[in-house]
Amino acid sequence: MRPNLPPFQERAGAALRDKTLKLAIDRTTGTAERNRAVAVAAWPEFQSARDLGRDIRAHVVNNIDHYLVEFERNAVASGAAVHWAATADEACQIVVEICRKAGAKSVTRSKSMLGEEIGLPHALEAAKIERVETDLAEHIIQLAGDPPSHIVWPALHKTREQVKELFAASHRDPGAMEDVEAMVQAARRELRAKFMAADVGISGANFLVADTGSVCTVTNEGNAELTTTPPRVHIVTAGIEKLVPSTAHAMALLRLLVRSATGAELTQYTTFHTGPKRPGDRDGPDEFHIVLVDNGRTKMLGDGLAEMLRCIRCGACLNHCVVYRHIGGHAYGGTYPGPMGSVLTPSLDGLPASRDLAHACTLNGSCQEVCPVKIPLPTLLRGWRDRSWREGLEPRSVRRALWAWKFVATRPALYRAVSAFAVLGMQLFAKRGWIESMPLAGGWTAHRGLPAPASSTFMQQYQARKRAAK
Amino acid sequence: MRPQIGFAALALLEQAGCTVEVPAVQTCCGQPAANAGDAGGARRIARQVITAFEGFDYVVAPSGSCAATIKVQYPELFAREPAMHASAMALAGKTHELLSFLWDIRHWQPQGVALAASAAYHDSCSGLRELGIQAQPRRMLGKVDGLELRPLEGSTVCCGFGGTFCVKYPAISNAIADDKARAIEATGAEILLGGDLGCLMNMAGKLHRRGAATRSFHAAEVLAGMADGPAIGETA
C-alpha cells in the first residue's frame, strides 16, 4: 500500500465524488470493453484458447523451478547476466548497483508494473539517477507525480483535457496541441533526446522464454525498443512467474493477452530480446541484465494463490469490474487495482492494511468470466475473506451482527418467530409501502428506499393455508 | 419480505406437476456467513440445510444466489470433509433455481397467462454466471400474452446489491445502482423483472428514490399470473 493513505472508504468516497474521474474511467474502460467484445466475437476458438492459456500458465506455475533453471541457463548462454532477487529491496539494490557500475546519470524506463511493485522509481530517485518514463501514459503520470491507476493504461484517470494542461505546463516545447496527435507529438519532442542520451534502459517483461533465454516485451508505442536498444546497458526486471516454455507458448498467450487488453489482434511492437549486442550487430546494449524477482511469489504458491500466478496482466478484469469502473485504480491503494489487485495486494502488503479490498466486491463473477487464463478471482477473494475472519480482522460490529444472526438461523422455530416479529416492527417505519429511514438500516436507506415487507411472513401464511386446507 | 414470490413458486411448481413441501425446519442457506468469510458458521447452517432436504427429489429456490450457494459454495465448504462433501454434492445435484428448473427440467411453459405491459429483464449475477440462467426466463416470459420484453442495456452488469456489500460499502453500491436505474429508465419499460428478490429490492429502491414510475416484480409472479396486484414497495 502507498504510505499515509486514508482508509479505503474515504479513498473510495473521494473517487466517487470526482465526476471528471468517472468520465475518464468510462472513456477508456468503455472502449476497451467494446473492442474486446468485437475481438472475442470474431474468434470462434476463443474459449478453447482460454483453456490452452490456462493450461500453459498452470503448467509453468506448477513447474516453476524447472523453467527458472532452464531460462537462466539459456539466458546466460546468450550473454545475459541473470540476477536473483528474493525481495523488492534486493531487486532495487541490484538495479541501482548495475546503474552505478555503468556510471549512469540518466535511465530510460519502459512501462513495467513489476517495477512499480518493487518501488524502483523511488529507489532510482534515492540514488540520484535521473529516471525518464518513456511510455506515453507513464510520462503523463511522471509529470503529474501520480502512481498508475490501471495496469495497461497507467494514466487512465486523466482526461485528454487534463493531459493537455499538464503538457502545456511541463514541456519545453508543447506547441498548440490542437488534437490528441499533436499532444503525442509534443511528448515525442520532449522524450526523443532523452532516449538517445540515456546510459541505461530498464524494461519489464511480458514473457521470459525458457528455451531461448529471451525476454519478450510488447508495446504499442515502440518505446520499449527505444528504451532497450540505444543505451549501453539494458536491465530487465521481471517477476519469476513470467516464464513460458517456448516462443510458441508466448505467441499462444499473446493472442489472448492483446485481445483481452485492447481488442487488437497483436500489439504494434512485439520484441524478443536475446542477450547483448553480438559482434557484427549494428545496435543493441553492451550489457544485458535480467533481474528475476520473487517478492512473495513463492509464498503465494504455498498460500493457496497459485492460480493468481497465472495472471498475464491484461487488465480485462479491471475493465469489466463495476467497482473499479466507479472508484478507479487509486482508491485500491496498492500497486495493482481491480479484481486482480484485490487478490495480490493482501499478499504483497499484508491483509490488515488491505482487508477491505476482498469485501468491496459484489462477487458478480464478471472478472472470472473475462479472464483469458480463467483465474477464479471471486474464489480467491473469498479466500481472503475467510482468512480475514479467521485472523480476527473483521470489525467487531460485523462479528456481533453475524453471531446474532447465526444464533437465530440455527434455531428454525426462533427464526420463524424473529422473522414474524421483524416484519411487524418494520411496518412501524413504513409509509405508503416504503421505508425511507430506519434504525440499523442507514446503509440501505441513505441511497434508496427499502420496500416495506408484507405484514406476515411466507411461513406464517403458508402454515395458515395448510391448516385451513385440513 | 414478499411472501407472494413463495406462493408464485408453489403455484408454478404444482403446474409443472410437482408435489411441493416447504419444510419448517429450514431457515436460510447461510450465504451471509459464507460471504463474510465465516466458513465455520456457513458450514453449521449448511449442515442444517442438507439434513432438512434429505428426503426430497428436488430442491427449488426462487433465487439464483440462494441456489448457487447450495450448488456451488456448499461442496467447496466441505472440500476437506469427505462424508459431508458427498452429502453436499448430492444436495447440489438436485437443487435448482426456480426459473431454470421449470424450463430445463420440467419443460414447463406458461399457457393462458397474460400481462399487458412492457418489461425490462435484469440478469442477476449469481444465476447468470454460476448457474447459466439467461435464456430460460426470457423464453417463458416471451410466452406471456401481451408482455413486451424490451432490451435492457447492460442487463448482465451487476446492480450493486451484492448481499451485505450494499450496506458495507453503501456509496459504491449506490453509484452502481444509479447506473442500473438509469439504464432501466432508458428502456421506457413499465415493469422491471428479475429472478432474485435481493437485486430487485435494490433496483426497485433506487428507482423509487429517483422518482421513477417503473414497477418491479419477480419473474415468477408474472409467470404465475400474480402480477396484477401491488408491485415491490406498493401497498394494496
# chains A, B, ... in the order shown; residues from 1 in each chain; ligands from 1

$ interface_residues --of "chain B" --to "chain A" --cutoff "8 Å" --atoms "only C-alpha atoms" --output "PyMOL selection string"
chain B and resi 1-4+6-7+24-28+32-33+35-39+41+44-45+48+125-126+129-130+157-158+160-163+165-172+174-176+201-202+204-209+232-235

$ write_last_selection --atoms "C-alpha atoms" --output "mmCIF file, in the first residue's frame"
data_model
loop_
_atom_site.group_PDB
_atom_site.id
_atom_site.type_symbol
_atom_site.label_atom_id
_atom_site.label_comp_id
_atom_site.auth_asym_id
_atom_site.auth_seq_id
_atom_site.Cartn_x
_atom_site.Cartn_y
_atom_site.Cartn_z
ATOM 1 C CA MET B 1 -40.322 -9.810 2.761
ATOM 2 C CA ARG B 2 -42.585 -10.669 -0.143
ATOM 3 C CA PRO B 3 -44.469 -13.920 0.528
ATOM 4 C CA GLN B 4 -46.181 -13.717 -2.842
ATOM 5 C CA GLY B 6 -43.057 -18.017 -2.485
ATOM 6 C CA PHE B 7 -46.697 -18.624 -3.386
ATOM 7 C CA ALA B 24 -40.485 -25.802 8.503
ATOM 8 C CA VAL B 25 -37.007 -26.717 9.735
ATOM 9 C CA GLN B 26 -35.310 -24.567 7.095
ATOM 10 C CA THR B 27 -34.079 -21.039 7.749
ATOM 11 C CA CYS B 28 -31.502 -19.512 5.426
ATOM 12 C CA PRO B 32 -24.368 -14.108 4.662
ATOM 13 C CA ALA B 33 -21.895 -16.158 6.709
ATOM 14 C CA ASN B 35 -19.747 -14.217 2.052
ATOM 15 C CA ALA B 36 -18.472 -12.664 5.288
ATOM 16 C CA GLY B 37 -15.665 -15.241 5.408
ATOM 17 C CA ASP B 38 -17.201 -17.128 8.334
ATOM 18 C CA ALA B 39 -16.780 -20.573 6.795
ATOM 19 C CA GLY B 41 -20.734 -20.534 10.562
ATOM 20 C CA ARG B 44 -23.197 -25.104 10.528
ATOM 21 C CA ILE B 45 -26.091 -23.692 8.554
ATOM 22 C CA GLN B 48 -28.900 -27.944 8.761
ATOM 23 C CA CYS B 125 -25.203 -12.278 -11.424
ATOM 24 C CA SER B 126 -25.278 -15.487 -9.369
ATOM 25 C CA ARG B 129 -22.642 -16.718 -14.103
ATOM 26 C CA GLU B 130 -22.807 -19.525 -11.564
ATOM 27 C CA VAL B 157 -23.962 -5.886 -15.366
ATOM 28 C CA CYS B 158 -24.249 -6.155 -11.585
ATOM 29 C CA GLY B 160 -24.692 -3.142 -6.958
ATOM 30 C CA PHE B 161 -26.609 -5.251 -4.439
ATOM 31 C CA GLY B 162 -24.034 -7.941 -3.593
ATOM 32 C CA GLY B 163 -25.700 -9.013 -0.324
ATOM 33 C CA PHE B 165 -21.867 -5.346 0.158
ATOM 34 C CA CYS B 166 -24.685 -2.833 -0.340
ATOM 35 C CA VAL B 167 -24.694 -1.819 3.326
ATOM 36 C CA LYS B 168 -20.958 -2.252 3.979
ATOM 37 C CA TYR B 169 -19.988 -0.058 1.017
ATOM 38 C CA PRO B 170 -23.155 1.996 0.512
ATOM 39 C CA ALA B 171 -21.588 4.782 -1.548
ATOM 40 C CA ILE B 172 -20.061 2.393 -4.114
ATOM 41 C CA ASN B 174 -25.274 3.453 -4.758
ATOM 42 C CA ALA B 175 -23.152 4.573 -7.709
ATOM 43 C CA ILE B 176 -23.574 1.157 -9.356
ATOM 44 C CA MET B 201 -35.295 -4.687 -3.863
ATOM 45 C CA ASN B 202 -32.061 -2.822 -4.546
ATOM 46 C CA ALA B 204 -36.740 -1.024 -7.007
ATOM 47 C CA GLY B 205 -35.481 1.007 -4.040
ATOM 48 C CA LYS B 206 -33.175 3.047 -6.260
ATOM 49 C CA LEU B 207 -35.836 3.592 -8.933
ATOM 50 C CA HIS B 208 -38.259 4.703 -6.197
ATOM 51 C CA ARG B 209 -35.741 7.148 -4.717
ATOM 52 C CA ILE B 232 -42.493 -4.402 -4.823
ATOM 53 C CA GLY B 233 -42.884 -1.401 -2.500
ATOM 54 C CA GLU B 234 -46.530 -0.760 -3.408
ATOM 55 C CA THR B 235 -49.411 -1.045 -0.960
#

$ select_by_dssp --residues "stretch 33-196 of chain B" --states "strand (DSSP E)" --output "list in words"
Val59, Val60, Ala61, Thr95, His96, Glu97, Ala114, Leu115, Ala116, Ala117, Ser118, Ala119, Ala120, Tyr121, Asp145, Gly146, Leu147, Glu148, Leu149, Arg150, Ile191, Leu192, Leu193 and Gly194 of chain B

$ atom_distance --atom1 "atom CA of A:Leu156" --atom2 "atom CA of A:Val96"
29.2 Å

$ atom_distance --atom1 "atom CA of B:Gln134" --atom2 "atom CA of A:Glu45"
22.2 Å

$ atom_distance --atom1 "atom CA of A:Ile129" --atom2 "atom CA of A:Cys92"
12.7 Å

$ closest_residue --among "B:Ile105, B:Arg80, B:Lys71, B:Lys143" --to "B:Gly93" --atoms "only C-alpha atoms"
B:Lys71

$ closest_atom_pairs --of "stretch 179-273 of chain A" --to "stretch 25-40 of chain A" --cutoff "10 Å" --atoms "only C-alpha atoms" --output "Markdown table"
| residue | atom | partner | partner_atom | distance |
| --- | --- | --- | --- | --- |
| A:Leu256 | CA | A:Val40 | CA | 9.4 |
| A:Val258 | CA | A:Arg36 | CA | 9.1 |
| A:Arg259 | CA | A:Arg36 | CA | 5.9 |
| A:Ser260 | CA | A:Arg36 | CA | 5.7 |
| A:Ala261 | CA | A:Ala32 | CA | 6.9 |
| A:Thr262 | CA | A:Ala32 | CA | 5.3 |
| A:Gly263 | CA | A:Arg36 | CA | 4.0 |
| A:Ala264 | CA | A:Ala39 | CA | 7.0 |
| A:Glu265 | CA | A:Ala39 | CA | 7.5 |

$ decode --residues "stretch 12-27 of chain B" --atoms "C-alpha atoms" --output "compact mmCIF listing (two decimals), in the first residue's frame"
# COMPACT_ATOMS: atom_id res chain seq x y z
CA LEU B 12 -45.72 -22.81 -10.77
CA LEU B 13 -44.16 -25.98 -9.36
CA GLU B 14 -47.59 -27.53 -8.95
CA GLN B 15 -48.49 -26.58 -12.53
CA ALA B 16 -45.26 -28.28 -13.55
CA GLY B 17 -46.51 -31.48 -11.94
CA CYS B 18 -44.60 -31.37 -8.66
CA THR B 19 -45.84 -32.16 -5.18
CA VAL B 20 -44.38 -29.34 -3.13
CA GLU B 21 -43.48 -29.19 0.52
CA VAL B 22 -41.92 -26.31 2.43
CA PRO B 23 -40.08 -27.92 5.37
CA ALA B 24 -40.49 -25.80 8.50
CA VAL B 25 -37.01 -26.72 9.73
CA GLN B 26 -35.31 -24.57 7.09
CA THR B 27 -34.08 -21.04 7.75
